[in-house]
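Chemist: Before we start, here is the structure in question, set down as structure tokens.
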Amino acid sequence: MIIWNPDWIPPNSDWVRGMSGVTPGEVIKASDKRNPIGKVKIPLGDSYLIHQAHPGDQGKLVSHGCIRLALNSLYDLAQKLVDAYSLPVSDKQIERAKQSSKPLVAKLENPVQVDINYDTLVVEGGQLHIYPDVYGHGTSTVGELRKELESSGVDASKLDDKTMRAMLSKGSKPGRQFVVSVESIKAGTALKDGRVESVVPVSSPKIKKAVANH
């Protein structure tokens, strides 16, 4: 199901018991500032959810098993599910839910299988992205980087292990990523041409000002 403006029922876990002003099992409404779920939640089973990320969440070790998305991405995913499965909610109902704290529920007749991957090395759109291995799964290694490049058809013959380790180091800081074009990798200029960026796209000052004025 998809739930706009969901309640939160804190689980009986160590991290909840360590929170001030929150009791495991109580129902915390969407309008309550203690509710960390945000505007939308999509249950995945076994108490795991897809729900809203908050500023500073992305790229950091803040999850207890849930998948967090920026609000625009979460709204987009919810709308794609509504459209793909013809769920019985109207655009007007969804818009009303976005502008209020009143719950709205859209149930799926059949469960949708979800495949979750933990990828810290990704070739996408002609660029290599090296993300921090925040959960310490050992995915950001020279061997794994070579496998990712080879499986994506990228010739990395001009990259030695020392250069790859330097690239991995640049993408190891929480909240940051190292980005370099496939063409630079092929030319052997990955370190020179690559750049460190935020894992979350940063709006231009003009866009930020327009949003603030709005």
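Going by the structure tokens order, chains are called A, B, ..., each with residues numbered from 1, while ligands are numbered from 1 in the order shown.
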When you look at segment 95-110 of chain A with a cut-off of 9 Å (counting only C-alpha atoms), what residues show up, excluding the ones that are within fewer than 5 positions of it in the same chain? I need them as JSON, numbers by chain.
Modeler: {"A": [1, 2, 3, 4, 5, 6, 7, 29, 30, 31, 39, 82, 85, 87, 88, 89, 90]}
Chemist: From the DSSP assignment of the backbone, select every residue of segment 46-161 of chain A that is alpha helix (DSSP H), and format the answer as number ranges by chain.
Modeler: A: 71-84, 91-98, 142-151, 161
Chemist: Quick one: of A:Ile42, A:Met164, A:Val27, A:Ile130, who's nearest to Arg146 of chain A, counting only C-alpha atoms?
Modeler: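 Closest to Arg146 of chain A, using only C-alpha atoms: A:Met164.
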Chemist: Using only C-alpha atoms, which of the listed residues (A:Tyr131, A:Ala190, A:Glu150, A:Gly143) sits closest to Ser169 of chain A?
Modeler: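 Ranked by minimum distance to Ser169 of chain A, first place goes to A:Tyr131.
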Chemist: Provide the atom CA of Ser73 of chain A to atom CA of Val112 of chain A distance in Å, to one decimal place.
Modeler: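 Answer for the atom CA of Ser73 of chain A to atom CA of Val112 of chain A separation: 18.4 Å.
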Chemist: With distances taken over only C-alpha atoms, which of A:Ile67, A:Ile9, A:Ala187, A:Val123 is nearest to Ser151 of chain A?
Modeler: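 Looking at the shortest contact to Ser151 of chain A, the residue is A:Val123.
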Chemist: Enumerate as a list of chain:residue names all residues of segment 49-148 of chain A assigned to strand (DSSP E) by DSSP on the backbone, naming them with the chain letters and numbers the document uses.
Modeler: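 Everything in segment 49-148 of chain A that counts as strand (DSSP E) is A:Leu49, A:Ile50, A:His51, A:Gln52, A:Ile67, A:Arg68, A:Leu69, A:Leu104, A:Val105, A:Ala106, A:Leu121, A:Val122, A:Val123, A:Glu124, A:Gln127, A:Leu128, A:His129, A:Ile130.
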Chemist: What lies within 9 Å of Leu168 of chain A using only C-alpha atoms, ignoring chain neighbours under 3 positions off, as a list in words?
Modeler: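 Final neighbour list, sorted by chain and number: Ile130, Tyr131, Pro132, Ser140, Thr141, Val142, Leu145, Thr163, Met164, Arg165, Gly171, Ser172 and Phe178 of chain A.
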Chemist: Can you write out the residues you just picked, keeping N, CA and C atoms, as a compact mmCIF listing (two decimals), in the first residue's frame?
Modeler:
```txt
# COMPACT_ATOMS: atom_id res chain seq x y z
N ILE A 130 31.41 6.97 -7.45
CA ILE A 130 31.93 6.22 -6.31
C ILE A 130 31.32 6.82 -5.05
N TYR A 131 30.44 6.03 -4.40
CA TYR A 131 29.75 6.49 -3.20
C TYR A 131 30.41 5.90 -1.95
N PRO A 132 30.24 6.54 -0.79
CA PRO A 132 30.82 5.99 0.44
C PRO A 132 30.13 4.68 0.85
N SER A 140 33.61 -1.16 -1.72
CA SER A 140 34.44 -0.17 -2.41
C SER A 140 35.91 -0.60 -2.35
N THR A 141 36.26 -1.56 -3.19
CA THR A 141 37.63 -2.06 -3.27
C THR A 141 38.11 -1.95 -4.71
N VAL A 142 39.43 -2.07 -4.90
CA VAL A 142 39.99 -2.02 -6.25
C VAL A 142 39.41 -3.14 -7.11
N LEU A 145 35.85 -2.31 -8.05
CA LEU A 145 35.82 -1.22 -9.02
C LEU A 145 36.17 -1.73 -10.41
N THR A 163 46.05 4.39 -8.59
CA THR A 163 45.10 5.41 -9.02
C THR A 163 43.69 5.06 -8.56
N MET A 164 43.35 3.78 -8.67
CA MET A 164 42.01 3.36 -8.24
C MET A 164 41.81 3.57 -6.75
N ARG A 165 42.84 3.28 -5.96
CA ARG A 165 42.72 3.49 -4.51
C ARG A 165 42.53 4.97 -4.20
N GLY A 171 35.95 9.16 -2.84
CA GLY A 171 34.51 8.90 -2.71
C GLY A 171 34.11 8.24 -1.42
N SER A 172 34.98 8.32 -0.41
CA SER A 172 34.73 7.59 0.83
C SER A 172 34.12 8.42 1.95
N PHE A 178 32.55 10.65 -5.58
CA PHE A 178 33.54 10.99 -6.59
C PHE A 178 32.94 10.64 -7.94
```
